[in-house]
Protein chains: 2
Amino acid sequence: MLSRPCTYAVRALTYLAMQPPGKLTGSREIADHEEIPNSFLCKILLELRRKRLLRSYKGIGGGYELALPADKINLLMIVQSIEGELAFTECVLEDHQCSDQGPCALHESWSELKIRFIRFLETQTLAGLAETRVQRERTAGECRQRPVQLEDQSRDLSAKPSL
Amino acid sequence: MLSRPCTYAVRALTYLAMQPPGKLTGSREIADHEEIPNSFLCKILLELRRKRLLRSYKGIGGGYELALPADKINLLMIVQSIEGELAFTECVLEDHQCSDQGPCALHESWSELKIRFIRFLETQTLAGLAETRVQRERTAGECRQRPVQLEDQSRDLSAKPSL
DNA sequence: TGACTAAAGGATATGAAAGTCCTTTAGCGG
DNA sequence: CCGCTAAAGGACTTTCATATCCTTTAGTCA
């Protein structure tokens with residue numbers, strides 16, 4: 001449905017949205033928790049930074065943080081950051097002649113569905129995703145060993161560098 | 001949205017649905033009209049035959065024909081013939097833990113959208129697609145040179161082999 | 001300043017999807 | 001039976017998304 005880099009981006013940003021405000025998080029930590037290859041993740045984070053969804057900081061205590069409040073970032077923004085603005089422009093049948101003027105046989109009904117999908121992506125914010133995940137992991141923690149993030153969160157909590 | 005083989009399958013079957021009933025059409029003719037690499041198309045047609053959407057005939061005058069009436073074949077059948085029955089099972093975020101029991105953060109809202117998409121594919125039949133295309137090409141033909149298919153259709157019309 | 005850390009960036013490798021090529025099989029017609 | 005045709009099938013190549021590796025850049029801290 002979404003490309004691999006896209007889902008990585010969503011997962012990474014959701015993880016960032018779950019961190020305490022002001023905290024910086026390194027790519028390594030994100031990669032470990034979200035099970036994303038780190039070097040690949042770096043390129044995705046770089047792209048998200050270029051699209052102004054992230055800020056990054058080099059050096060000791062450096063890392064990434066959201067450039068906007070989590071409730072101001074929705075999935076459509078993320079997808080378009082990664083896939084480009086032209087995402088969702090092609091039609092189902094990839095008909096080369098397909099446009100709103102000379103559409104393929106599925107054009108109208110497909111367009112309606114496509115718009116629904118875009119609306120769906122727009123309504124899903126990082127804040128919402130993070131909230132859902134925090135709840136899920138809390139209830140999961142009750143019957144499992146114990147959540148893993150707590151350790152890492154507390155370890156890095158002191159690292160709060162300047163801009 | 002759909003994989004390349006899938007869109008080729010839909011286009012090829014739609015082309016077959018536009019042919020006069022009982023006529024056999026060779027892969028070459030389909031490939032030329034739909035601008036699909038012929039040897040690649042052959043593999044797709046073979047797969048569609050195995051899934052009983054097509055019948056094929058070898059030798060002179062041979063070719064392919066729909067195994068069912070065009071209004072009995074919908075897009076979902078075609079997609080699942082090519083992609084397998086497991087199509088549309090993964091969730092948006094490809095979360096490995098994602099299931100109806102321990103779902104990812106998007107699971108519910110996504111499921112609803114996915115069902116809509118499947119319904120959409122179910123409602124679109126080859127008969128409908130063919131009808132739309134015939135109409136489109138008729139109106140397009142009025143202001144262009146002339147439709148190309150007529151030649152090839154009349155040429156092969158005599159070839160009506162046995163089962 | 002020097003040692004260390006983490007992001008940035010380029011160059012390269014891998015694997016799956018897409019596409020090509022060539023041979024085999026089956027059916028038709030003379 | 002022979003030659004033609006068209007589908008079936010296997011092996012191979014190409015292309016692209018994904019992933020890895022390694023070097024460079026920029027920052028912190030002592």
# chains A, B, ... in the order shown; residues from 1 in each chain; ligands from 1

call {"tool": "interface_residues", "arguments": {"of": "chain A", "to": "chain D", "cutoff": "9 Å", "atoms": "only C-alpha atoms (C1' of nucleotides)", "output": "PDB file with C-alpha atoms, in the first residue's frame"}}
result
ATOM      1  CA  ARG A   4       8.781   0.745   2.480  1.00  0.00           C
ATOM      2  CA  PRO A   5      10.492   4.133   3.002  1.00  0.00           C
ATOM      3  CA  PRO A  37      17.994  -0.684   9.072  1.00  0.00           C
ATOM      4  CA  SER A  39      21.696   3.517   7.467  1.00  0.00           C
ATOM      5  CA  PHE A  40      18.507   3.361   5.444  1.00  0.00           C
ATOM      6  CA  TYR A  57      21.431  18.173  15.540  1.00  0.00           C
ATOM      7  CA  LYS A  58      24.954  16.833  15.153  1.00  0.00           C
ATOM      8  CA  GLY A  59      27.485  15.914  17.787  1.00  0.00           C
ATOM      9  CA  ILE A  60      27.197  14.517  21.301  1.00  0.00           C
ATOM     10  CA  GLY A  61      23.642  14.569  22.557  1.00  0.00           C
ATOM     11  CA  GLY A  62      22.480  15.245  19.025  1.00  0.00           C
TER      12      GLY A  62
END

call {"tool": "closest_atom_pairs", "arguments": {"of": "chain C", "to": "chain A", "cutoff": "10 Å", "atoms": "only C-alpha atoms (C1' of nucleotides)", "output": "JSON lines"}}
result
{"residue": "C:DC4", "atom": "C1'", "partner": "A:Ile60", "partner_atom": "CA", "distance": 8.0}
{"residue": "C:DT5", "atom": "C1'", "partner": "A:Ile60", "partner_atom": "CA", "distance": 4.8}
{"residue": "C:DA6", "atom": "C1'", "partner": "A:Gly59", "partner_atom": "CA", "distance": 4.9}
{"residue": "C:DA7", "atom": "C1'", "partner": "A:Lys58", "partner_atom": "CA", "distance": 5.4}
{"residue": "C:DA8", "atom": "C1'", "partner": "A:Leu46", "partner_atom": "CA", "distance": 7.7}
{"residue": "C:DG9", "atom": "C1'", "partner": "A:Lys43", "partner_atom": "CA", "distance": 9.0}

call {"tool": "select_by_dssp", "arguments": {"residues": "segment 26-127 of chain A", "states": "strand (DSSP E or B)", "output": "list in words"}}
result
Leu54, Arg55, Ser56, Tyr57, Gly63, Tyr64, Glu65, Leu66, Asn74 and Thr125 of chain A

call {"tool": "write_last_selection", "arguments": {"atoms": "C-alpha atoms", "output": "PDB file, in the first residue's frame"}}
result
ATOM      1  CA  LEU A  54      12.211  17.206  11.371  1.00  0.00           C
ATOM      2  CA  ARG A  55      15.044  19.155  12.887  1.00  0.00           C
ATOM      3  CA  SER A  56      18.414  17.467  13.344  1.00  0.00           C
ATOM      4  CA  TYR A  57      21.431  18.173  15.540  1.00  0.00           C
ATOM      5  CA  GLY A  63      19.598  13.568  17.241  1.00  0.00           C
ATOM      6  CA  TYR A  64      16.221  14.346  15.758  1.00  0.00           C
ATOM      7  CA  GLU A  65      13.056  16.014  16.921  1.00  0.00           C
ATOM      8  CA  LEU A  66       9.771  16.888  15.254  1.00  0.00           C
ATOM      9  CA  ASN A  74      -0.565  14.065   9.275  1.00  0.00           C
ATOM     10  CA  THR A 125      -2.007  12.716  12.792  1.00  0.00           C
TER      11      THR A 125
END

call {"tool": "interface_residues", "arguments": {"of": "chain A", "to": "chain B", "cutoff": "6 Å", "atoms": "only C-alpha atoms", "output": "PyMOL selection string"}}
result
chain A and resi 1+7+92-93+105+129+132-133

call {"tool": "residues_around", "arguments": {"residues": "Ala67 of chain A", "least_positions_apart": "6", "cutoff": "12 Å", "atoms": "only C-alpha atoms (C1' of nucleotides)", "output": "list of chain:residue names"}}
result
A:Leu13, A:Leu16, A:Ala17, A:Pro21, A:Gly22, A:Leu24, A:Leu45, A:Leu48, A:Arg49, A:Arg50, A:Lys51, A:Arg52, A:Leu53, A:Leu54, A:Arg55, A:Ser56, A:Tyr57, A:Ile73, A:Leu163

call {"tool": "atom_distance", "arguments": {"atom1": "atom C1' of DG19 of chain C", "atom2": "atom CA of Leu41 of chain B"}}
result
9.9 Å

call {"tool": "atom_distance", "arguments": {"atom1": "atom CA of Arg138 of chain B", "atom2": "atom CA of Glu112 of chain A"}}
result
25.4 Å

call {"tool": "decode", "arguments": {"residues": "chain D", "atoms": "C-alpha atoms (C1' of nucleotides)", "output": "JSON list (two decimals), in the first residue's frame"}}
result
[["chain", "number", "residue", "atom", "x", "y", "z"],
["D", 1, "DC", "C1'", 3.86, -37.03, -42.68],
["D", 2, "DC", "C1'", 5.53, -32.30, -43.10],
["D", 3, "DG", "C1'", 5.46, -27.52, -42.37],
["D", 4, "DC", "C1'", 3.23, -23.83, -40.29],
["D", 5, "DT", "C1'", 1.21, -21.47, -36.33],
["D", 6, "DA", "C1'", 0.39, -20.18, -31.66],
["D", 7, "DA", "C1'", 0.51, -21.21, -26.79],
["D", 8, "DA", "C1'", 3.54, -23.18, -22.92],
["D", 9, "DG", "C1'", 7.51, -23.16, -20.53],
["D", 10, "DG", "C1'", 12.25, -22.45, -18.97],
["D", 11, "DA", "C1'", 16.37, -19.69, -18.52],
["D", 12, "DC", "C1'", 18.21, -15.50, -18.61],
["D", 13, "DT", "C1'", 18.67, -10.25, -18.42],
["D", 14, "DT", "C1'", 17.33, -5.72, -17.00],
["D", 15, "DT", "C1'", 15.58, -2.44, -13.96],
["D", 16, "DC", "C1'", 14.44, -0.47, -9.78],
["D", 17, "DA", "C1'", 13.46, -0.34, -4.89],
["D", 18, "DT", "C1'", 15.77, -1.42, -0.99],
["D", 19, "DA", "C1'", 19.72, -1.81, 1.72],
["D", 20, "DT", "C1'", 24.76, -1.49, 3.07],
["D", 21, "DC", "C1'", 29.31, 0.51, 3.50],
["D", 22, "DC", "C1'", 32.41, 3.99, 4.07],
["D", 23, "DT", "C1'", 33.87, 8.74, 4.12],
["D", 24, "DT", "C1'", 32.91, 13.54, 5.21],
["D", 25, "DT", "C1'", 30.93, 17.25, 7.83],
["D", 26, "DA", "C1'", 29.51, 19.49, 11.86],
["D", 27, "DG", "C1'", 28.95, 19.68, 16.43],
["D", 28, "DT", "C1'", 30.14, 18.74, 21.86],
["D", 29, "DC", "C1'", 33.25, 18.25, 25.58],
["D", 30, "DA", "C1'", 37.59, 18.13, 27.99]]
